[in-house]
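Novice: Structure file model-v6.pdb (PDB, C-alpha atoms and all ligand atoms) right here:
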```pdb
ATOM      1  CA  MET A   1     -21.418 -42.347  -7.903  1.00  0.00           C
ATOM      2  CA  ARG A   2     -20.555 -43.109  -4.345  1.00  0.00           C
ATOM      3  CA  LEU A   3     -19.827 -46.377  -2.583  1.00  0.00           C
ATOM      4  CA  LEU A   4     -21.937 -46.513   0.570  1.00  0.00           C
ATOM      5  CA  GLY A   5     -21.024 -49.844   2.111  1.00  0.00           C
ATOM      6  CA  ASP A   6     -18.452 -52.624   2.172  1.00  0.00           C
ATOM      7  CA  TYR A   7     -19.961 -56.020   2.999  1.00  0.00           C
ATOM      8  CA  HIS A   8     -16.976 -58.358   2.968  1.00  0.00           C
ATOM      9  CA  THR A   9     -14.141 -57.666   5.417  1.00  0.00           C
ATOM     10  CA  HIS A  10     -11.931 -59.779   7.675  1.00  0.00           C
ATOM     11  CA  THR A  11     -10.301 -59.164  11.026  1.00  0.00           C
ATOM     12  CA  THR A  12      -7.925 -60.685  13.568  1.00  0.00           C
ATOM     13  CA  TYR A  13     -10.675 -63.206  14.393  1.00  0.00           C
ATOM     14  CA  THR A  14      -9.201 -65.130  11.458  1.00  0.00           C
ATOM     15  CA  HIS A  15      -6.136 -64.109   9.452  1.00  0.00           C
ATOM     16  CA  GLY A  16      -7.013 -60.452   8.919  1.00  0.00           C
ATOM     17  CA  LYS A  17      -4.479 -57.969  10.255  1.00  0.00           C
ATOM     18  CA  SER A  18      -6.860 -55.459  11.841  1.00  0.00           C
ATOM     19  CA  THR A  19      -9.499 -55.454  14.545  1.00  0.00           C
ATOM     20  CA  ILE A  20     -13.216 -54.959  14.001  1.00  0.00           C
ATOM     21  CA  GLU A  21     -12.860 -51.445  15.405  1.00  0.00           C
ATOM     22  CA  GLU A  22     -10.020 -50.548  13.019  1.00  0.00           C
ATOM     23  CA  ASN A  23     -12.121 -51.663  10.051  1.00  0.00           C
ATOM     24  CA  VAL A  24     -15.086 -49.673  11.311  1.00  0.00           C
ATOM     25  CA  LYS A  25     -12.987 -46.561  11.929  1.00  0.00           C
ATOM     26  CA  GLN A  26     -11.626 -46.775   8.392  1.00  0.00           C
ATOM     27  CA  ALA A  27     -15.152 -47.181   6.996  1.00  0.00           C
ATOM     28  CA  GLU A  28     -16.146 -44.005   8.840  1.00  0.00           C
ATOM     29  CA  ASN A  29     -13.065 -42.162   7.534  1.00  0.00           C
ATOM     30  CA  LEU A  30     -14.058 -43.108   4.002  1.00  0.00           C
ATOM     31  CA  GLY A  31     -17.604 -41.904   4.513  1.00  0.00           C
ATOM     32  CA  LEU A  32     -19.187 -45.340   4.207  1.00  0.00           C
ATOM     33  CA  LYS A  33     -22.561 -45.736   5.855  1.00  0.00           C
ATOM     34  CA  GLU A  34     -22.276 -49.467   6.509  1.00  0.00           C
ATOM     35  CA  ILE A  35     -19.621 -52.117   6.966  1.00  0.00           C
ATOM     36  CA  ALA A  36     -19.963 -55.864   7.428  1.00  0.00           C
ATOM     37  CA  ILE A  37     -17.552 -58.107   9.264  1.00  0.00           C
ATOM     38  CA  THR A  38     -17.643 -61.439   7.430  1.00  0.00           C
ATOM     39  CA  GLU A  39     -15.136 -63.904   8.781  1.00  0.00           C
ATOM     40  CA  HIS A  40     -14.214 -67.240   7.249  1.00  0.00           C
ATOM     41  CA  SER A  41     -16.555 -69.913   8.522  1.00  0.00           C
ATOM     42  CA  TYR A  42     -15.683 -73.081  10.447  1.00  0.00           C
ATOM     43  CA  LEU A  43     -14.126 -75.308   7.788  1.00  0.00           C
ATOM     44  CA  GLY A  44     -12.002 -72.677   6.070  1.00  0.00           C
ATOM     45  CA  TYR A  45      -8.229 -72.808   6.080  1.00  0.00           C
ATOM     46  CA  ASN A  46      -8.337 -69.840   8.427  1.00  0.00           C
ATOM     47  CA  HIS A  47     -11.568 -69.884  10.320  1.00  0.00           C
ATOM     48  CA  ILE A  48     -13.533 -68.735  13.337  1.00  0.00           C
ATOM     49  CA  ARG A  49     -13.964 -70.996  16.371  1.00  0.00           C
ATOM     50  CA  ARG A  50     -17.192 -71.936  18.125  1.00  0.00           C
ATOM     51  CA  GLY A  51     -18.292 -68.954  20.213  1.00  0.00           C
ATOM     52  CA  ASP A  52     -16.526 -66.342  18.073  1.00  0.00           C
ATOM     53  CA  LEU A  53     -19.727 -65.065  16.489  1.00  0.00           C
ATOM     54  CA  GLN A  54     -21.114 -64.270  19.940  1.00  0.00           C
ATOM     55  CA  LYS A  55     -17.846 -62.552  20.884  1.00  0.00           C
ATOM     56  CA  MET A  56     -17.893 -60.539  17.684  1.00  0.00           C
ATOM     57  CA  ARG A  57     -21.482 -59.492  18.359  1.00  0.00           C
ATOM     58  CA  THR A  58     -20.435 -58.301  21.828  1.00  0.00           C
ATOM     59  CA  ASP A  59     -17.468 -56.392  20.343  1.00  0.00           C
ATOM     60  CA  ILE A  60     -19.786 -54.713  17.855  1.00  0.00           C
ATOM     61  CA  GLU A  61     -22.329 -53.804  20.553  1.00  0.00           C
ATOM     62  CA  SER A  62     -19.584 -52.216  22.656  1.00  0.00           C
ATOM     63  CA  ILE A  63     -18.339 -49.876  19.898  1.00  0.00           C
ATOM     64  CA  LYS A  64     -21.387 -49.261  17.742  1.00  0.00           C
ATOM     65  CA  ASP A  65     -22.446 -45.980  19.405  1.00  0.00           C
ATOM     66  CA  ASN A  66     -18.998 -44.453  18.897  1.00  0.00           C
ATOM     67  CA  TYR A  67     -19.160 -44.506  15.111  1.00  0.00           C
ATOM     68  CA  ASN A  68     -21.380 -43.082  12.487  1.00  0.00           C
ATOM     69  CA  VAL A  69     -21.361 -46.345  10.539  1.00  0.00           C
ATOM     70  CA  LYS A  70     -23.796 -49.216  10.804  1.00  0.00           C
ATOM     71  CA  ILE A  71     -21.856 -52.372  11.663  1.00  0.00           C
ATOM     72  CA  LEU A  72     -23.238 -55.648  10.350  1.00  0.00           C
ATOM     73  CA  LEU A  73     -22.161 -59.037  11.575  1.00  0.00           C
ATOM     74  CA  GLY A  74     -21.949 -61.633   8.837  1.00  0.00           C
ATOM     75  CA  ILE A  75     -20.057 -64.705   7.780  1.00  0.00           C
ATOM     76  CA  GLU A  76     -18.173 -65.876   4.709  1.00  0.00           C
ATOM     77  CA  ALA A  77     -19.545 -69.390   4.486  1.00  0.00           C
ATOM     78  CA  ASN A  78     -17.778 -72.055   2.437  1.00  0.00           C
ATOM     79  CA  LEU A  79     -19.475 -74.124  -0.215  1.00  0.00           C
ATOM     80  CA  ILE A  80     -18.437 -77.625   0.794  1.00  0.00           C
ATOM     81  CA  SER A  81     -20.297 -80.072  -1.429  1.00  0.00           C
ATOM     82  CA  LEU A  82     -21.871 -80.587  -4.820  1.00  0.00           C
ATOM     83  CA  ASP A  83     -25.189 -80.860  -2.981  1.00  0.00           C
ATOM     84  CA  GLY A  84     -24.810 -77.259  -1.857  1.00  0.00           C
ATOM     85  CA  ASP A  85     -23.886 -77.858   1.757  1.00  0.00           C
ATOM     86  CA  ILE A  86     -22.163 -75.056   3.637  1.00  0.00           C
ATOM     87  CA  ASP A  87     -20.034 -75.032   6.782  1.00  0.00           C
ATOM     88  CA  ILE A  88     -22.339 -73.229   9.180  1.00  0.00           C
ATOM     89  CA  SER A  89     -25.774 -74.197  10.474  1.00  0.00           C
ATOM     90  CA  ASP A  90     -28.960 -72.539   9.253  1.00  0.00           C
ATOM     91  CA  GLU A  91     -29.723 -71.827  12.903  1.00  0.00           C
ATOM     92  CA  GLU A  92     -26.568 -69.682  13.210  1.00  0.00           C
ATOM     93  CA  LEU A  93     -27.283 -67.910   9.929  1.00  0.00           C
ATOM     94  CA  LYS A  94     -30.577 -66.647  11.351  1.00  0.00           C
ATOM     95  CA  ASP A  95     -28.739 -64.446  13.855  1.00  0.00           C
ATOM     96  CA  LEU A  96     -26.495 -62.804  11.261  1.00  0.00           C
ATOM     97  CA  ASP A  97     -27.072 -59.630   9.273  1.00  0.00           C
ATOM     98  CA  VAL A  98     -25.506 -60.828   6.034  1.00  0.00           C
ATOM     99  CA  VAL A  99     -24.398 -64.183   4.618  1.00  0.00           C
ATOM    100  CA  VAL A 100     -21.604 -64.268   2.040  1.00  0.00           C
ATOM    101  CA  LEU A 101     -21.078 -67.577   0.245  1.00  0.00           C
ATOM    102  CA  GLY A 102     -17.831 -68.548  -1.438  1.00  0.00           C
ATOM    103  CA  PHE A 103     -15.756 -71.445  -2.685  1.00  0.00           C
ATOM    104  CA  HIS A 104     -12.198 -71.621  -1.369  1.00  0.00           C
ATOM    105  CA  LYS A 105      -9.344 -73.921  -2.272  1.00  0.00           C
ATOM    106  CA  LEU A 106      -8.200 -75.035   1.149  1.00  0.00           C
ATOM    107  CA  THR A 107     -11.519 -75.708   2.805  1.00  0.00           C
ATOM    108  CA  LYS A 108     -11.726 -78.959   4.761  1.00  0.00           C
ATOM    109  CA  LEU A 109     -14.180 -81.047   2.811  1.00  0.00           C
ATOM    110  CA  LYS A 110     -15.357 -84.569   3.459  1.00  0.00           C
ATOM    111  CA  LEU A 111     -13.068 -86.930   1.596  1.00  0.00           C
ATOM    112  CA  SER A 112     -15.697 -87.917  -0.961  1.00  0.00           C
ATOM    113  CA  GLN A 113     -16.457 -84.250  -1.744  1.00  0.00           C
ATOM    114  CA  PHE A 114     -12.777 -83.457  -1.914  1.00  0.00           C
ATOM    115  CA  PHE A 115     -12.413 -85.992  -4.726  1.00  0.00           C
ATOM    116  CA  LYS A 116     -15.691 -85.202  -6.481  1.00  0.00           C
ATOM    117  CA  PHE A 117     -15.769 -81.423  -6.110  1.00  0.00           C
ATOM    118  CA  ALA A 118     -12.545 -79.744  -5.001  1.00  0.00           C
ATOM    119  CA  LEU A 119      -9.861 -81.855  -6.642  1.00  0.00           C
ATOM    120  CA  PRO A 120     -11.089 -81.639 -10.265  1.00  0.00           C
ATOM    121  CA  ASN A 121     -11.206 -77.849  -9.847  1.00  0.00           C
ATOM    122  CA  LEU A 122      -7.699 -77.801  -8.429  1.00  0.00           C
ATOM    123  CA  LEU A 123      -6.272 -80.016 -11.147  1.00  0.00           C
ATOM    124  CA  ARG A 124      -7.751 -78.796 -14.393  1.00  0.00           C
ATOM    125  CA  LYS A 125      -6.744 -75.420 -15.743  1.00  0.00           C
ATOM    126  CA  LYS A 126      -9.385 -75.796 -18.417  1.00  0.00           C
ATOM    127  CA  PRO A 127     -12.472 -77.313 -16.817  1.00  0.00           C
ATOM    128  CA  THR A 128     -14.704 -79.699 -18.741  1.00  0.00           C
ATOM    129  CA  LYS A 129     -18.285 -78.833 -19.585  1.00  0.00           C
ATOM    130  CA  LYS A 130     -19.476 -81.438 -17.082  1.00  0.00           C
ATOM    131  CA  GLN A 131     -17.331 -79.956 -14.383  1.00  0.00           C
ATOM    132  CA  ILE A 132     -18.745 -76.474 -14.982  1.00  0.00           C
ATOM    133  CA  GLU A 133     -22.262 -77.931 -14.853  1.00  0.00           C
ATOM    134  CA  ARG A 134     -21.508 -79.654 -11.557  1.00  0.00           C
ATOM    135  CA  ASN A 135     -19.993 -76.532 -10.007  1.00  0.00           C
ATOM    136  CA  THR A 136     -22.940 -74.459 -11.159  1.00  0.00           C
ATOM    137  CA  LYS A 137     -25.387 -76.949  -9.670  1.00  0.00           C
ATOM    138  CA  ALA A 138     -23.490 -76.856  -6.376  1.00  0.00           C
ATOM    139  CA  TYR A 139     -24.116 -73.097  -6.093  1.00  0.00           C
ATOM    140  CA  LEU A 140     -27.731 -73.442  -7.209  1.00  0.00           C
ATOM    141  CA  ASN A 141     -28.280 -76.154  -4.604  1.00  0.00           C
ATOM    142  CA  ALA A 142     -26.705 -73.958  -1.927  1.00  0.00           C
ATOM    143  CA  ILE A 143     -28.938 -70.956  -2.603  1.00  0.00           C
ATOM    144  CA  GLU A 144     -31.955 -73.229  -2.744  1.00  0.00           C
ATOM    145  CA  LYS A 145     -31.141 -74.789   0.629  1.00  0.00           C
ATOM    146  CA  HIS A 146     -29.629 -71.967   2.662  1.00  0.00           C
ATOM    147  CA  ARG A 147     -29.969 -68.295   3.376  1.00  0.00           C
ATOM    148  CA  VAL A 148     -27.474 -66.481   1.157  1.00  0.00           C
ATOM    149  CA  SER A 149     -27.185 -62.708   0.727  1.00  0.00           C
ATOM    150  CA  ILE A 150     -24.096 -62.389  -1.484  1.00  0.00           C
ATOM    151  CA  ILE A 151     -22.156 -64.792  -3.698  1.00  0.00           C
ATOM    152  CA  ALA A 152     -18.476 -63.918  -3.373  1.00  0.00           C
ATOM    153  CA  HIS A 153     -15.793 -64.101  -6.070  1.00  0.00           C
ATOM    154  CA  LEU A 154     -17.601 -66.482  -8.466  1.00  0.00           C
ATOM    155  CA  GLY A 155     -15.198 -68.466 -10.645  1.00  0.00           C
ATOM    156  CA  TYR A 156     -12.348 -68.205  -8.151  1.00  0.00           C
ATOM    157  CA  ALA A 157     -10.075 -71.103  -7.157  1.00  0.00           C
ATOM    158  CA  GLY A 158     -10.640 -72.948 -10.401  1.00  0.00           C
ATOM    159  CA  CYS A 159     -14.336 -73.358  -9.584  1.00  0.00           C
ATOM    160  CA  LYS A 160     -15.588 -72.297 -12.978  1.00  0.00           C
ATOM    161  CA  VAL A 161     -19.337 -71.914 -13.248  1.00  0.00           C
ATOM    162  CA  ASP A 162     -22.061 -70.815 -15.613  1.00  0.00           C
ATOM    163  CA  CYS A 163     -22.363 -67.331 -14.097  1.00  0.00           C
ATOM    164  CA  VAL A 164     -25.435 -66.452 -16.119  1.00  0.00           C
ATOM    165  CA  SER A 165     -27.489 -69.408 -14.828  1.00  0.00           C
ATOM    166  CA  ILE A 166     -26.475 -68.530 -11.281  1.00  0.00           C
ATOM    167  CA  ALA A 167     -27.240 -64.841 -11.857  1.00  0.00           C
ATOM    168  CA  LYS A 168     -30.740 -65.740 -13.122  1.00  0.00           C
ATOM    169  CA  GLU A 169     -31.546 -67.506  -9.864  1.00  0.00           C
ATOM    170  CA  CYS A 170     -29.908 -64.761  -7.805  1.00  0.00           C
ATOM    171  CA  ALA A 171     -32.031 -62.136  -9.556  1.00  0.00           C
ATOM    172  CA  LYS A 172     -35.180 -64.026  -8.509  1.00  0.00           C
ATOM    173  CA  ARG A 173     -34.006 -64.428  -4.940  1.00  0.00           C
ATOM    174  CA  ASN A 174     -32.508 -60.988  -4.256  1.00  0.00           C
ATOM    175  CA  ILE A 175     -28.998 -62.408  -3.908  1.00  0.00           C
ATOM    176  CA  TYR A 176     -26.180 -60.099  -4.905  1.00  0.00           C
ATOM    177  CA  ILE A 177     -23.233 -61.120  -7.066  1.00  0.00           C
ATOM    178  CA  GLU A 178     -19.994 -59.718  -5.760  1.00  0.00           C
ATOM    179  CA  PHE A 179     -17.275 -57.786  -7.507  1.00  0.00           C
ATOM    180  CA  ASN A 180     -14.501 -58.807  -5.142  1.00  0.00           C
ATOM    181  CA  GLY A 181     -11.658 -56.397  -4.421  1.00  0.00           C
ATOM    182  CA  LYS A 182      -9.001 -59.084  -4.639  1.00  0.00           C
ATOM    183  CA  ARG A 183     -10.214 -61.318  -7.412  1.00  0.00           C
ATOM    184  CA  ILE A 184     -12.639 -60.869 -10.273  1.00  0.00           C
ATOM    185  CA  ASN A 185     -12.860 -63.832 -12.632  1.00  0.00           C
ATOM    186  CA  PHE A 186     -15.612 -62.705 -14.990  1.00  0.00           C
ATOM    187  CA  SER A 187     -15.187 -62.638 -18.752  1.00  0.00           C
ATOM    188  CA  LYS A 188     -16.826 -60.065 -21.003  1.00  0.00           C
ATOM    189  CA  GLU A 189     -19.523 -62.640 -21.885  1.00  0.00           C
ATOM    190  CA  ASP A 190     -20.118 -63.430 -18.215  1.00  0.00           C
ATOM    191  CA  ILE A 191     -20.704 -59.790 -17.358  1.00  0.00           C
ATOM    192  CA  GLU A 192     -22.850 -59.025 -20.377  1.00  0.00           C
ATOM    193  CA  GLY A 193     -24.926 -62.154 -19.751  1.00  0.00           C
ATOM    194  CA  MET A 194     -25.355 -61.385 -16.076  1.00  0.00           C
ATOM    195  CA  ILE A 195     -26.458 -57.803 -16.726  1.00  0.00           C
ATOM    196  CA  LYS A 196     -29.302 -59.136 -18.896  1.00  0.00           C
ATOM    197  CA  THR A 197     -30.645 -61.262 -16.060  1.00  0.00           C
ATOM    198  CA  GLY A 198     -31.328 -58.112 -14.040  1.00  0.00           C
ATOM    199  CA  VAL A 199     -29.222 -59.407 -11.148  1.00  0.00           C
ATOM    200  CA  LYS A 200     -27.709 -56.875  -8.811  1.00  0.00           C
ATOM    201  CA  PHE A 201     -23.984 -56.689  -8.234  1.00  0.00           C
ATOM    202  CA  ILE A 202     -22.290 -55.547  -5.066  1.00  0.00           C
ATOM    203  CA  ILE A 203     -18.830 -54.021  -4.697  1.00  0.00           C
ATOM    204  CA  ASN A 204     -16.862 -55.444  -1.765  1.00  0.00           C
ATOM    205  CA  SER A 205     -13.223 -55.168  -0.772  1.00  0.00           C
ATOM    206  CA  ASP A 206     -12.573 -58.543   0.907  1.00  0.00           C
ATOM    207  CA  ALA A 207     -10.165 -56.470   3.018  1.00  0.00           C
ATOM    208  CA  HIS A 208      -7.795 -58.361   5.298  1.00  0.00           C
ATOM    209  CA  HIS A 209      -6.300 -55.067   6.519  1.00  0.00           C
ATOM    210  CA  TYR A 210      -8.171 -51.922   7.501  1.00  0.00           C
ATOM    211  CA  LEU A 211      -6.367 -49.904   4.812  1.00  0.00           C
ATOM    212  CA  ASN A 212      -8.109 -52.025   2.175  1.00  0.00           C
ATOM    213  CA  VAL A 213     -11.630 -51.438   3.481  1.00  0.00           C
ATOM    214  CA  GLY A 214     -13.761 -49.837   0.765  1.00  0.00           C
ATOM    215  CA  LYS A 215     -11.122 -50.415  -1.903  1.00  0.00           C
ATOM    216  CA  ASN A 216     -12.031 -51.981  -5.227  1.00  0.00           C
ATOM    217  CA  HIS A 217     -10.684 -50.114  -8.246  1.00  0.00           C
ATOM    218  CA  ARG A 218     -11.268 -53.030 -10.590  1.00  0.00           C
ATOM    219  CA  ALA A 219     -14.992 -53.030  -9.930  1.00  0.00           C
ATOM    220  CA  PHE A 220     -15.250 -49.361 -10.851  1.00  0.00           C
ATOM    221  CA  ASN A 221     -13.246 -50.027 -14.018  1.00  0.00           C
ATOM    222  CA  LEU A 222     -15.563 -52.894 -14.961  1.00  0.00           C
ATOM    223  CA  ILE A 223     -18.654 -50.802 -14.389  1.00  0.00           C
ATOM    224  CA  GLU A 224     -17.298 -48.206 -16.767  1.00  0.00           C
ATOM    225  CA  LYS A 225     -15.912 -50.637 -19.319  1.00  0.00           C
ATOM    226  CA  TYR A 226     -19.105 -52.688 -19.626  1.00  0.00           C
ATOM    227  CA  ASN A 227     -21.560 -49.882 -18.987  1.00  0.00           C
ATOM    228  CA  ILE A 228     -23.122 -51.723 -16.087  1.00  0.00           C
ATOM    229  CA  PRO A 229     -26.339 -49.880 -15.191  1.00  0.00           C
ATOM    230  CA  LEU A 230     -25.754 -48.175 -11.863  1.00  0.00           C
ATOM    231  CA  GLU A 231     -29.147 -49.279 -10.590  1.00  0.00           C
ATOM    232  CA  GLN A 232     -27.795 -52.831 -10.894  1.00  0.00           C
ATOM    233  CA  VAL A 233     -25.073 -52.125  -8.343  1.00  0.00           C
ATOM    234  CA  ALA A 234     -26.591 -52.479  -4.896  1.00  0.00           C
ATOM    235  CA  ASN A 235     -24.175 -50.334  -2.879  1.00  0.00           C
ATOM    236  CA  LEU A 236     -23.551 -47.416  -5.223  1.00  0.00           C
ATOM    237  CA  ASP A 237     -25.582 -44.401  -4.083  1.00  0.00           C
ATOM    238  CA  ASN A 238     -27.904 -46.919  -2.404  1.00  0.00           C
ATOM    239  CA  LEU A 239     -27.892 -49.369   0.453  1.00  0.00           C
ATOM    240  CA  PRO A 240     -28.583 -53.044  -0.214  1.00  0.00           C
ATOM    241  CA  LYS A 241     -31.356 -54.971   1.517  1.00  0.00           C
ATOM    242  CA  PHE A 242     -30.116 -58.399   2.415  1.00  0.00           C
ATOM    243  CA  ASN A 243     -31.903 -61.710   2.554  1.00  0.00           C
TER     244      ASN A 243
HETATM  245 ZN    ZN A 301      -9.027 -64.680   4.048  1.00  0.00          ZN
HETATM  246 ZN    ZN A 302     -13.119 -63.106   2.145  1.00  0.00          ZN
END
```
Rewrite the structure of this file - the entire thing - as structure tokens.
Ligand SMILES: [Zn+2]
Ligand SMILES: [Zn+2]
Specialist:
Amino acid sequence: MRLLGDYHTHTTYTHGKSTIEENVKQAENLGLKEIAITEHSYLGYNHIRRGDLQKMRTDIESIKDNYNVKILLGIEANLISLDGDIDISDEELKDLDVVVLGFHKLTKLKLSQFFKFALPNLLRKKPTKKQIERNTKAYLNAIEKHRVSIIAHLGYAGCKVDCVSIAKECAKRNIYIEFNGKRINFSKEDIEGMIKTGVKFIINSDAHHYLNVGKNHRAFNLIEKYNIPLEQVANLDNLPKFN
């Protein structure tokens, strides 16, 4: 089995250590066919500025013929409310090749959402059933309202969810569930439940340095450990088709 693409990488446009070109060069060295640049969106702790997406598109255009790798421009949008709001406009999403959605601890939320959504997740090590329901609904609302291609690191930052309910919806909508190179928060039950929904997983690095592009040993271990059907992994021996 061969990994053909990495669809979650960062660069010096936010707090990554490498340029777009360095990430792309590394992807080519590794024999990947595709790489996506998915910077943190506007309300993240580290985030792009207005106009950066256009600049990144220009950067990509200027190098794309020099490499044998397809370069996708995406975003790592932040989930910012229980209603499923995200921190980038639907208009901007239309121009992107891939949309990654994630919940992050230090995102700048509206005060009311900070208290209702972020704070309980920050405070409680063991979330209540209600809290899990609310978090789950926030993701379901987001994928109902916005274009989403990949859900990143589910369960991260204390935002515990009912992965199986989310996976069911993702399976219907062709949204991939990520095995993140830096953080995987799934239990055995989560993974076994998600497999049954028929959802497709995707292996991404979340690289913040070019040397981490394409790296995700834990995902490969999980695939083996839980016998995840290879046809349910979108970027192994195949290329994903994004919403
Ligand atoms: Zn980051
Ligand atoms: Zn990321």
Novice: What gap, in Å, lies between CA of Asn243 (chain A) and CA of Arg147 (chain A)?
Specialist: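 We find that CA of Asn243 (chain A) and CA of Arg147 (chain A) lie 6.9 Å from each other.
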Novice: Find the distance between CA of Leu4 (chain A) and CA of Met56 (chain A) and write it in Å to one decimal.
Specialist: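 Straight-line distance from CA of Leu4 (chain A) to CA of Met56 (chain A) works out to 22.5 Å.
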Novice: Within 8 Å of ligand ZN 302 (chain A), which residues of chain A come that close, and what is the closest atom pair and distance in Å for each? Count only C-alpha atoms and all ligand atoms and give it as JSON lines.
Specialist:
```
{"residue": "A:His8", "atom": "CA", "partner": "A:ZN302", "partner_atom": "ZN", "distance": 6.2}
{"residue": "A:Thr9", "atom": "CA", "partner": "A:ZN302", "partner_atom": "ZN", "distance": 6.4}
{"residue": "A:His10", "atom": "CA", "partner": "A:ZN302", "partner_atom": "ZN", "distance": 6.6}
{"residue": "A:Thr38", "atom": "CA", "partner": "A:ZN302", "partner_atom": "ZN", "distance": 7.2}
{"residue": "A:Glu39", "atom": "CA", "partner": "A:ZN302", "partner_atom": "ZN", "distance": 7.0}
{"residue": "A:His40", "atom": "CA", "partner": "A:ZN302", "partner_atom": "ZN", "distance": 6.7}
{"residue": "A:Glu76", "atom": "CA", "partner": "A:ZN302", "partner_atom": "ZN", "distance": 6.3}
{"residue": "A:Ala152", "atom": "CA", "partner": "A:ZN302", "partner_atom": "ZN", "distance": 7.7}
{"residue": "A:Asp206", "atom": "CA", "partner": "A:ZN302", "partner_atom": "ZN", "distance": 4.8}
{"residue": "A:Ala207", "atom": "CA", "partner": "A:ZN302", "partner_atom": "ZN", "distance": 7.3}
{"residue": "A:His208", "atom": "CA", "partner": "A:ZN302", "partner_atom": "ZN", "distance": 7.8}
```
Novice: Which residues match the PyMOL selection byres (((chain A and resi 216) around 6) and not hetatm) in the file above, as an MDAnalysis selection string?
Specialist: chainID A and resid 181 205 215 217:219
Novice: Return the single residue from A:Gly214, A:Gly44, A:Gly5, A:Gly158 that is closest to ligand ZN 301 (chain A), with distances computed using all atoms listed in the file.
Specialist: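 Among A:Gly214, A:Gly44, A:Gly5, A:Gly158, it is A:Gly44 that comes nearest to ligand ZN 301 (chain A).
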Novice: Selected by the PyMOL selection byres (((chain A and resi 104) around 12) and not hetatm) in the shown coordinates: which residues, as a PyMOL selection string?
Specialist: chain A and resi 40-41+43-47+76-81+86-87+101-103+105-109+114+117-119+121-122+152-159
Novice: Decode the PyMOL selection byres (((chain A and resi 65-75) around 7) and not hetatm) for the given file into explicit residues and return them as a list in words.
Specialist: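 Listing what the PyMOL selection byres (((chain A and resi 65-75) around 7) and not hetatm) selects in the shown file: Glu28, Leu32, Lys33, Glu34, Ile35, Ala36, Ile37, Thr38, Glu39, His40, Ser41, Arg57, Ile60, Ile63, Lys64, Glu76, Ala77, Leu96, Asp97, Val98, Val99 and Val100 of chain A.
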Novice: With distances taken over only C-alpha atoms and all ligand atoms, which residue among A:Ala142, A:Leu230, A:Ile191, A:Ile48 lies nearest ligand ZN 301 (chain A)?
Specialist: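 For ligand ZN 301 (chain A), the nearest of the candidates is A:Ile48.
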Novice: Suppose you want the space between CA of Asp190 (chain A) and CA of Val213 (chain A); what is it in Å?
Specialist: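 Taking CA of Asp190 (chain A) as the start and CA of Val213 (chain A) as the end point, the length is 26.2 Å.
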Novice: Just checking: using all atoms listed in the file, which residue out of A:His209, A:Glu61, A:Asp162, A:Met194 ends up closest to ligand ZN 301 (chain A)?
Specialist: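 When distances to ligand ZN 301 (chain A) are compared using all atoms listed in the file, the smallest one comes from A:His209.
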Novice: Set the distance at 9 Å and use only C-alpha atoms: which residues neighbour Gln131 (chain A) once local chain neighbours fewer than 3 positions away are removed? I'd like the list as a list in words.
Specialist: Phe117, Pro120, Asn121, Pro127, Thr128, Arg134, Asn135, Thr136, Cys159, Lys160 and Val161 of chain A
Novice: Nearest to ligand ZN 301 (chain A) among A:Lys182, A:Lys172, A:Lys225, A:Lys25, with distances taken over only C-alpha atoms and all ligand atoms: which residue is it?
Specialist: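 Of all the options, A:Lys182 lies closest to ligand ZN 301 (chain A).
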Novice: With only C-alpha atoms as the atoms that count, which of A:Phe220, A:Phe201, A:Tyr226, A:Phe242 lies nearest to Arg2 (chain A)?
Specialist: A:Phe220
Novice: Determine the nearest neighbour of Glu178 (chain A) from the options A:Lys200, A:Tyr210, A:Leu53, A:Gly193, counting all atoms listed in the file.
Specialist: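 Of A:Lys200, A:Tyr210, A:Leu53, A:Gly193, the one nearest Glu178 (chain A), counting all atoms listed in the file, is A:Lys200.
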Novice: Padding 3 Å on each side, edges along x, y and z: where is the centre of the box around the listed atoms of region 38-42 of chain A, and how long are its edges in Å to one decimal? Output it as AutoDock Vina command-line options.
Specialist:
```
--center_x -15.9 --center_y -67.3 --center_z 8.8 --size_x 9.4 --size_y 17.6 --size_z 9.2
```
Novice: For a quick check of your reading of the model, name the residues lying within 12 Å of the coordinate (-34.7, -63.7, -5.5), counting only C-alpha atoms, and write them as a tab-separated table (two decimals) with C-alpha atoms, in the coordinates of the input.
Specialist:
```
chain	number	residue	atom	x	y	z
A	143	ILE	CA	-28.94	-70.96	-2.60
A	144	GLU	CA	-31.96	-73.23	-2.74
A	147	ARG	CA	-29.97	-68.30	3.38
A	148	VAL	CA	-27.47	-66.48	1.16
A	149	SER	CA	-27.18	-62.71	0.73
A	150	ILE	CA	-24.10	-62.39	-1.48
A	166	ILE	CA	-26.48	-68.53	-11.28
A	167	ALA	CA	-27.24	-64.84	-11.86
A	168	LYS	CA	-30.74	-65.74	-13.12
A	169	GLU	CA	-31.55	-67.51	-9.86
A	170	CYS	CA	-29.91	-64.76	-7.80
A	171	ALA	CA	-32.03	-62.14	-9.56
A	172	LYS	CA	-35.18	-64.03	-8.51
A	173	ARG	CA	-34.01	-64.43	-4.94
A	174	ASN	CA	-32.51	-60.99	-4.26
A	175	ILE	CA	-29.00	-62.41	-3.91
A	176	TYR	CA	-26.18	-60.10	-4.90
A	177	ILE	CA	-23.23	-61.12	-7.07
A	197	THR	CA	-30.64	-61.26	-16.06
A	198	GLY	CA	-31.33	-58.11	-14.04
A	199	VAL	CA	-29.22	-59.41	-11.15
A	200	LYS	CA	-27.71	-56.88	-8.81
A	241	LYS	CA	-31.36	-54.97	1.52
A	242	PHE	CA	-30.12	-58.40	2.42
A	243	ASN	CA	-31.90	-61.71	2.55
```
